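For reference, work.cif (mmCIF, C-alpha atoms):
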```
data_input
loop_
_atom_site.label_atom_id
_atom_site.label_comp_id
_atom_site.auth_asym_id
_atom_site.auth_seq_id
_atom_site.Cartn_x
_atom_site.Cartn_y
_atom_site.Cartn_z
CA ALA A 1 -167.58 -41.22 -13.68
CA LEU A 2 -167.45 -43.88 -10.93
CA GLY A 3 -167.50 -41.43 -8.03
CA ASP A 4 -164.04 -42.37 -6.68
CA VAL A 5 -164.94 -46.08 -6.51
CA GLY A 6 -162.21 -48.56 -7.44
CA ALA A 7 -161.41 -51.16 -4.77
CA ALA A 8 -163.75 -53.82 -6.23
CA THR A 9 -164.11 -52.78 -9.87
CA SER A 10 -162.63 -54.78 -12.75
CA ALA A 11 -158.84 -55.01 -12.91
CA ASP A 12 -157.10 -52.64 -15.34
CA VAL A 13 -153.69 -51.08 -15.90
CA ASN A 14 -154.43 -48.25 -13.41
CA SER A 15 -155.16 -50.64 -10.52
CA GLN A 16 -152.02 -49.43 -8.71
CA TYR A 17 -153.94 -46.42 -7.44
CA TRP A 18 -157.12 -48.22 -6.33
CA ASN A 19 -156.17 -51.77 -5.40
CA PRO A 20 -152.88 -53.25 -6.73
CA ALA A 21 -153.98 -56.80 -5.82
CA LYS A 22 -156.21 -56.66 -8.92
CA TYR A 23 -153.14 -56.85 -11.18
CA ALA A 24 -152.71 -60.55 -10.35
CA ALA A 25 -156.22 -61.22 -11.71
CA MET A 26 -155.51 -59.71 -15.14
CA ASP A 27 -155.13 -61.93 -18.21
CA GLY A 28 -152.42 -59.86 -19.93
CA ARG A 29 -148.69 -60.14 -19.31
CA GLY A 30 -148.15 -56.43 -18.84
CA GLY A 31 -149.20 -52.89 -19.64
CA VAL A 32 -148.38 -49.20 -19.20
CA SER A 33 -150.65 -46.20 -18.73
CA ILE A 34 -149.92 -42.47 -18.58
CA SER A 35 -152.32 -39.63 -17.87
CA TYR A 36 -151.90 -35.86 -17.77
CA THR A 37 -154.38 -33.49 -16.15
CA PRO A 38 -154.09 -29.70 -16.55
CA TRP A 39 -155.53 -28.73 -13.16
CA LEU A 40 -157.92 -25.73 -12.85
CA ARG A 41 -157.04 -24.46 -16.34
CA LYS A 42 -159.78 -21.79 -16.32
CA ILE A 43 -158.14 -20.19 -13.26
CA VAL A 44 -154.38 -20.81 -13.65
CA ASN A 45 -152.19 -22.34 -16.36
CA ASP A 46 -149.32 -23.92 -14.43
CA ILE A 47 -150.88 -26.59 -12.15
CA ASP A 48 -150.43 -30.10 -13.55
CA LEU A 49 -151.00 -33.68 -12.43
CA VAL A 50 -149.07 -36.48 -14.17
CA TYR A 51 -149.62 -40.17 -13.41
CA LEU A 52 -147.65 -43.10 -14.85
CA ALA A 53 -148.46 -46.73 -13.97
CA GLY A 54 -147.51 -50.16 -15.26
CA TYR A 55 -147.31 -53.84 -14.43
CA TYR A 56 -145.59 -57.02 -15.62
CA THR A 57 -146.43 -60.66 -14.93
CA PRO A 58 -143.57 -63.10 -15.69
CA SER A 59 -145.92 -66.00 -14.84
CA LYS A 60 -148.91 -66.72 -12.62
CA MET A 61 -146.64 -68.62 -10.24
CA ALA A 62 -144.12 -65.77 -10.02
CA GLY A 63 -146.78 -63.11 -9.45
CA THR A 64 -147.04 -59.56 -10.75
CA ILE A 65 -144.69 -56.60 -10.32
CA SER A 66 -146.20 -53.13 -10.57
CA ALA A 67 -145.00 -49.54 -10.24
CA SER A 68 -146.34 -46.02 -10.50
CA LEU A 69 -145.18 -42.42 -10.36
CA ARG A 70 -147.45 -39.52 -9.45
CA PHE A 71 -146.30 -35.90 -9.77
CA PHE A 72 -148.46 -32.92 -8.77
CA GLN A 73 -146.97 -29.53 -9.61
CA LEU A 74 -148.73 -26.58 -7.97
CA GLY A 75 -147.19 -23.95 -10.24
CA GLU A 76 -145.77 -20.64 -9.09
CA VAL A 77 -146.96 -19.45 -5.67
CA LEU A 78 -146.16 -16.00 -4.24
CA LEU A 79 -145.47 -16.02 -0.50
CA ARG A 80 -145.68 -12.95 1.76
CA GLU A 81 -145.12 -12.59 5.49
CA SER A 82 -147.32 -9.48 5.49
CA ALA A 83 -149.52 -7.59 3.02
CA ASP A 84 -146.82 -5.02 2.19
CA ALA A 85 -143.86 -7.44 2.15
CA ILE A 86 -141.96 -8.25 -1.03
CA PRO A 87 -143.31 -11.60 -2.29
CA LEU A 88 -141.09 -14.65 -2.68
CA SER A 89 -141.72 -17.03 -5.56
CA ALA A 90 -142.06 -20.76 -4.78
CA ASN A 91 -142.85 -23.78 -6.97
CA PRO A 92 -144.26 -26.42 -4.61
CA TYR A 93 -144.85 -30.00 -5.70
CA GLU A 94 -145.92 -33.38 -4.35
CA MET A 95 -144.52 -36.68 -5.67
CA THR A 96 -144.91 -40.38 -4.89
CA PHE A 97 -143.18 -43.42 -6.30
CA ASP A 98 -144.72 -46.89 -5.71
CA LEU A 99 -143.37 -50.38 -6.19
CA GLY A 100 -145.78 -53.29 -5.68
CA TYR A 101 -146.10 -57.05 -5.83
CA SER A 102 -149.29 -59.11 -6.09
CA ARG A 103 -150.08 -62.80 -6.48
CA MET A 104 -153.04 -65.14 -6.77
CA LEU A 105 -153.32 -67.15 -3.52
CA THR A 106 -156.38 -69.14 -4.59
CA GLU A 107 -158.34 -69.44 -7.82
CA ASN A 108 -160.39 -66.33 -6.98
CA PHE A 109 -158.38 -64.38 -4.37
CA SER A 110 -155.23 -62.29 -4.79
CA LEU A 111 -153.15 -60.38 -2.26
CA GLY A 112 -150.79 -57.46 -2.84
CA VAL A 113 -148.29 -55.22 -1.06
CA VAL A 114 -146.89 -51.84 -2.09
CA MET A 115 -143.92 -49.80 -0.84
CA ARG A 116 -144.10 -46.02 -1.33
CA LEU A 117 -141.70 -43.09 -1.26
CA VAL A 118 -143.28 -39.66 -0.71
CA ALA A 119 -141.57 -36.33 -1.43
CA SER A 120 -143.27 -33.02 -0.62
CA ASP A 121 -141.66 -29.64 -1.36
CA LEU A 122 -143.80 -26.73 -0.17
CA THR A 123 -141.56 -23.73 0.60
CA ALA A 124 -138.10 -25.29 0.86
CA LYS A 125 -136.50 -22.99 -1.71
CA THR A 126 -137.79 -19.75 -0.17
CA ASP A 127 -137.46 -20.35 3.59
CA PRO A 128 -134.12 -21.58 5.05
CA ASN A 129 -135.96 -23.07 8.04
CA TYR A 130 -137.99 -25.47 5.93
CA TYR A 131 -136.88 -28.42 3.82
CA THR A 132 -138.34 -30.94 1.41
CA GLY A 133 -140.32 -33.49 3.41
CA TYR A 134 -139.86 -37.21 2.86
CA ALA A 135 -141.87 -40.19 4.12
CA PHE A 136 -142.16 -43.92 3.51
CA GLY A 137 -145.43 -45.83 3.39
CA ALA A 138 -146.83 -49.26 2.61
CA ASP A 139 -150.15 -50.65 1.35
CA VAL A 140 -151.74 -54.05 2.00
CA ASN A 141 -154.55 -55.01 -0.34
CA GLY A 142 -156.69 -57.91 -1.47
CA PHE A 143 -159.15 -58.72 -4.25
CA TYR A 144 -161.74 -61.51 -4.51
CA SER A 145 -163.61 -62.14 -7.76
CA LEU A 146 -166.20 -64.91 -8.07
CA PRO A 147 -167.59 -65.73 -11.57
CA ILE A 148 -171.31 -66.60 -11.71
CA GLU A 149 -172.77 -68.09 -14.89
CA MET A 150 -175.93 -66.49 -16.29
CA LYS A 151 -177.92 -66.89 -19.51
CA SER A 152 -176.49 -63.62 -20.85
CA GLY A 153 -172.90 -64.54 -19.93
CA THR A 154 -170.62 -64.60 -16.89
CA SER A 155 -171.40 -62.15 -14.11
CA ARG A 156 -168.91 -61.43 -11.32
CA PHE A 157 -169.15 -60.67 -7.63
CA ASN A 158 -166.11 -58.69 -6.47
CA PHE A 159 -164.79 -57.73 -3.07
CA GLY A 160 -161.68 -55.62 -2.50
CA PHE A 161 -159.82 -53.84 0.27
CA ASN A 162 -156.80 -51.56 0.43
CA ILE A 163 -155.10 -50.33 3.61
CA SER A 164 -152.87 -47.57 2.24
CA ASN A 165 -150.13 -45.26 3.53
CA ILE A 166 -149.13 -47.24 6.60
CA GLY A 167 -145.83 -45.59 7.41
CA THR A 168 -143.73 -42.80 8.82
CA ARG A 169 -144.75 -39.25 9.57
CA ILE A 170 -143.46 -36.36 7.47
CA THR A 171 -141.55 -33.28 8.65
CA TYR A 172 -140.59 -30.07 6.86
CA ASP A 173 -138.32 -28.65 9.59
CA LYS A 174 -136.07 -31.64 10.35
CA GLY A 175 -137.98 -32.94 13.33
CA ASP A 176 -139.43 -29.93 15.16
CA ASN A 177 -142.92 -30.71 13.85
CA TYR A 178 -144.36 -33.88 12.34
CA ASN A 179 -147.48 -34.62 10.31
CA PHE A 180 -149.18 -37.93 9.59
CA ILE A 181 -149.37 -39.16 6.01
CA PRO A 182 -153.01 -40.01 5.10
CA ALA A 183 -153.37 -43.69 6.06
CA ASN A 184 -156.72 -44.93 4.76
CA LEU A 185 -158.87 -48.06 4.83
CA ARG A 186 -160.84 -48.67 1.62
CA LEU A 187 -163.50 -51.44 1.41
CA GLY A 188 -165.57 -52.17 -1.67
CA VAL A 189 -168.03 -54.66 -3.14
CA GLY A 190 -169.33 -54.85 -6.67
CA TYR A 191 -171.52 -56.95 -8.93
CA GLN A 192 -171.04 -56.97 -12.69
CA ILE A 193 -174.00 -58.04 -14.85
CA PRO A 194 -173.54 -58.80 -18.58
CA PHE A 195 -176.34 -57.86 -20.99
CA ASP A 196 -174.56 -59.26 -24.04
CA LYS A 197 -171.04 -59.59 -25.44
CA TYR A 198 -170.43 -55.83 -25.50
CA ASN A 199 -172.52 -54.34 -22.67
CA ARG A 200 -172.31 -54.76 -18.89
CA LEU A 201 -173.75 -53.10 -15.81
CA LEU A 202 -171.63 -52.60 -12.67
CA ILE A 203 -173.23 -52.01 -9.28
CA SER A 204 -170.59 -51.03 -6.72
CA LEU A 205 -170.49 -49.76 -3.14
CA GLU A 206 -167.42 -48.49 -1.33
CA ALA A 207 -166.51 -47.11 2.11
CA ASN A 208 -163.39 -45.22 3.20
CA LYS A 209 -162.08 -44.55 6.69
CA MET A 210 -159.17 -42.25 7.50
CA MET A 211 -156.84 -44.09 9.91
CA VAL A 212 -154.95 -41.09 11.35
CA PRO A 213 -156.08 -38.08 13.45
CA SER A 214 -157.70 -35.30 11.46
CA ARG A 215 -158.03 -31.59 12.14
CA TYR A 216 -161.57 -31.58 10.73
#
```
Would you mind writing the structure in this file as structure tokens?
Amino acid sequence: ALGDVGAATSADVNSQYWNPAKYAAMDGRGGVSISYTPWLRKIVNDIDLVYLAGYYTPSKMAGTISASLRFFQLGEVLLRESADAIPLSANPYEMTFDLGYSRMLTENFSLGVVMRLVASDLTAKTDPNYYTGYAFGADVNGFYSLPIEMKSGTSRFNFGFNISNIGTRITYDKGDNYNFIPANLRLGVGYQIPFDKYNRLLISLEANKMMVPSRY
């Protein structure tokens, strides 16, 4: 509904994906969220995306610890070297595990870091020359939220950034070929306007820039 915008939106329990620095700005002590998406169900019935995220704040001085797990199962895929070859069955998947820390540095600005483990299994079980690929990455992110008093309530101007997937390259053949993981720079601004106690309007703008070479 937000068009893939999230760097400068309000903080919530799923901030690990968009901008983990927002966790430090939340009022609650902790929370957990899980989502399940049956992918392309009108075409196939075995592609699934599962996402689990959570955070815990011992105290404002100690900062906030966050973590997430993302698992994308692509279902059964039949692989052939030629049109008349006997197909081999593969069950590729992609998985990431994140561990993050964020803290308020000033009254309105928070900074966060995330460490990430990536596992990618494409054809490892069907081709002896290929293996599960592993990579390590890191994110650096920040969030600034300035409250502005209005007659209808407190509006907020937000600014956020997230430099994600700064890390190693990934290989599926133990070093013969390498691929970059998708390092990305995300910048966003937003302005939240309250109409009353229950209704608000968010105006947000975001830009993304891929930080590694692309084939396209």
Inset, instruction - Can you turn the PyMOL selection byres ((chain A and resi 115) around 9) into a concrete residue list for this file, as a PyMOL selection string? - result: chain A and resi 97-100+113-114+116-117+136-139+165
Legend entry - Long-range neighbours of Gly6 (chain A) as a ChimeraX atom specification, 12 Å cut-off, all atoms listed in the file, 4 positions minimum in chain: /A:1-2,10-12,14-22,143,158-162,186-190,202-208
Write to file, as a PDB file, in the coordinates of the input, the residues of the selection just made, with C-alpha atoms.
```pdb
ATOM      1  CA  ALA A   1    -167.580 -41.220 -13.680  1.00  0.00           C
ATOM      2  CA  LEU A   2    -167.450 -43.880 -10.930  1.00  0.00           C
ATOM      3  CA  SER A  10    -162.630 -54.780 -12.750  1.00  0.00           C
ATOM      4  CA  ALA A  11    -158.840 -55.010 -12.910  1.00  0.00           C
ATOM      5  CA  ASP A  12    -157.100 -52.640 -15.340  1.00  0.00           C
ATOM      6  CA  ASN A  14    -154.430 -48.250 -13.410  1.00  0.00           C
ATOM      7  CA  SER A  15    -155.160 -50.640 -10.520  1.00  0.00           C
ATOM      8  CA  GLN A  16    -152.020 -49.430  -8.710  1.00  0.00           C
ATOM      9  CA  TYR A  17    -153.940 -46.420  -7.440  1.00  0.00           C
ATOM     10  CA  TRP A  18    -157.120 -48.220  -6.330  1.00  0.00           C
ATOM     11  CA  ASN A  19    -156.170 -51.770  -5.400  1.00  0.00           C
ATOM     12  CA  PRO A  20    -152.880 -53.250  -6.730  1.00  0.00           C
ATOM     13  CA  ALA A  21    -153.980 -56.800  -5.820  1.00  0.00           C
ATOM     14  CA  LYS A  22    -156.210 -56.660  -8.920  1.00  0.00           C
ATOM     15  CA  PHE A 143    -159.150 -58.720  -4.250  1.00  0.00           C
ATOM     16  CA  ASN A 158    -166.110 -58.690  -6.470  1.00  0.00           C
ATOM     17  CA  PHE A 159    -164.790 -57.730  -3.070  1.00  0.00           C
ATOM     18  CA  GLY A 160    -161.680 -55.620  -2.500  1.00  0.00           C
ATOM     19  CA  PHE A 161    -159.820 -53.840   0.270  1.00  0.00           C
ATOM     20  CA  ASN A 162    -156.800 -51.560   0.430  1.00  0.00           C
ATOM     21  CA  ARG A 186    -160.840 -48.670   1.620  1.00  0.00           C
ATOM     22  CA  LEU A 187    -163.500 -51.440   1.410  1.00  0.00           C
ATOM     23  CA  GLY A 188    -165.570 -52.170  -1.670  1.00  0.00           C
ATOM     24  CA  VAL A 189    -168.030 -54.660  -3.140  1.00  0.00           C
ATOM     25  CA  GLY A 190    -169.330 -54.850  -6.670  1.00  0.00           C
ATOM     26  CA  LEU A 202    -171.630 -52.600 -12.670  1.00  0.00           C
ATOM     27  CA  ILE A 203    -173.230 -52.010  -9.280  1.00  0.00           C
ATOM     28  CA  SER A 204    -170.590 -51.030  -6.720  1.00  0.00           C
ATOM     29  CA  LEU A 205    -170.490 -49.760  -3.140  1.00  0.00           C
ATOM     30  CA  GLU A 206    -167.420 -48.490  -1.330  1.00  0.00           C
ATOM     31  CA  ALA A 207    -166.510 -47.110   2.110  1.00  0.00           C
ATOM     32  CA  ASN A 208    -163.390 -45.220   3.200  1.00  0.00           C
TER      33      ASN A 208
END
```
Identify all residues satisfying the PyMOL selection byres ((chain A and resi 123) around 12) in the given file; provide them as a PDB file with C-alpha atoms, in the coordinates of the input.
```pdb
ATOM      1  CA  LEU A  74    -148.730 -26.580  -7.970  1.00  0.00           C
ATOM      2  CA  GLU A  76    -145.770 -20.640  -9.090  1.00  0.00           C
ATOM      3  CA  VAL A  77    -146.960 -19.450  -5.670  1.00  0.00           C
ATOM      4  CA  LEU A  78    -146.160 -16.000  -4.240  1.00  0.00           C
ATOM      5  CA  LEU A  79    -145.470 -16.020  -0.500  1.00  0.00           C
ATOM      6  CA  ARG A  80    -145.680 -12.950   1.760  1.00  0.00           C
ATOM      7  CA  LEU A  88    -141.090 -14.650  -2.680  1.00  0.00           C
ATOM      8  CA  SER A  89    -141.720 -17.030  -5.560  1.00  0.00           C
ATOM      9  CA  ALA A  90    -142.060 -20.760  -4.780  1.00  0.00           C
ATOM     10  CA  ASN A  91    -142.850 -23.780  -6.970  1.00  0.00           C
ATOM     11  CA  PRO A  92    -144.260 -26.420  -4.610  1.00  0.00           C
ATOM     12  CA  TYR A  93    -144.850 -30.000  -5.700  1.00  0.00           C
ATOM     13  CA  GLU A  94    -145.920 -33.380  -4.350  1.00  0.00           C
ATOM     14  CA  SER A 120    -143.270 -33.020  -0.620  1.00  0.00           C
ATOM     15  CA  ASP A 121    -141.660 -29.640  -1.360  1.00  0.00           C
ATOM     16  CA  LEU A 122    -143.800 -26.730  -0.170  1.00  0.00           C
ATOM     17  CA  ALA A 124    -138.100 -25.290   0.860  1.00  0.00           C
ATOM     18  CA  LYS A 125    -136.500 -22.990  -1.710  1.00  0.00           C
ATOM     19  CA  THR A 126    -137.790 -19.750  -0.170  1.00  0.00           C
ATOM     20  CA  ASP A 127    -137.460 -20.350   3.590  1.00  0.00           C
ATOM     21  CA  PRO A 128    -134.120 -21.580   5.050  1.00  0.00           C
ATOM     22  CA  ASN A 129    -135.960 -23.070   8.040  1.00  0.00           C
ATOM     23  CA  TYR A 130    -137.990 -25.470   5.930  1.00  0.00           C
ATOM     24  CA  TYR A 131    -136.880 -28.420   3.820  1.00  0.00           C
ATOM     25  CA  THR A 132    -138.340 -30.940   1.410  1.00  0.00           C
ATOM     26  CA  GLY A 133    -140.320 -33.490   3.410  1.00  0.00           C
ATOM     27  CA  TYR A 172    -140.590 -30.070   6.860  1.00  0.00           C
ATOM     28  CA  ASP A 173    -138.320 -28.650   9.590  1.00  0.00           C
TER      29      ASP A 173
END
```
Inset, instruction - Choose the residue, out of A:Met61, A:Val50, A:Pro182, A:Gly30, that has the smallest atom-to-atom separation from Ser164 (chain A); count only C-alpha atoms. - result: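 Closest to Ser164 (chain A), using only C-alpha atoms: A:Pro182.
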Inset, instruction - Calculate how many Å separate CA of Ala53 (chain A) from CA of Met95 (chain A), rounding to one decimal. - result: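 According to the coordinates, CA of Ala53 (chain A) and CA of Met95 (chain A) are separated by 13.6 Å.
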Enclose all atoms of region 60-63 of chain A listed in the file in an axis-aligned box, grow every side by 3 Å, and hand back centre and edge lengths in Å to one decimal, as lines of an AutoDock Vina configuration file.
```
center_x = -146.5
center_y = -65.9
center_z = -11.0
size_x = 10.8
size_y = 11.5
size_z = 9.2
```
Inset, instruction - Would you mind telling me which residue in A:Phe180, A:Tyr101, A:Tyr55, A:Phe195 lies nearest to Met150 (chain A) when using all atoms listed in the file? - result: A:Phe195
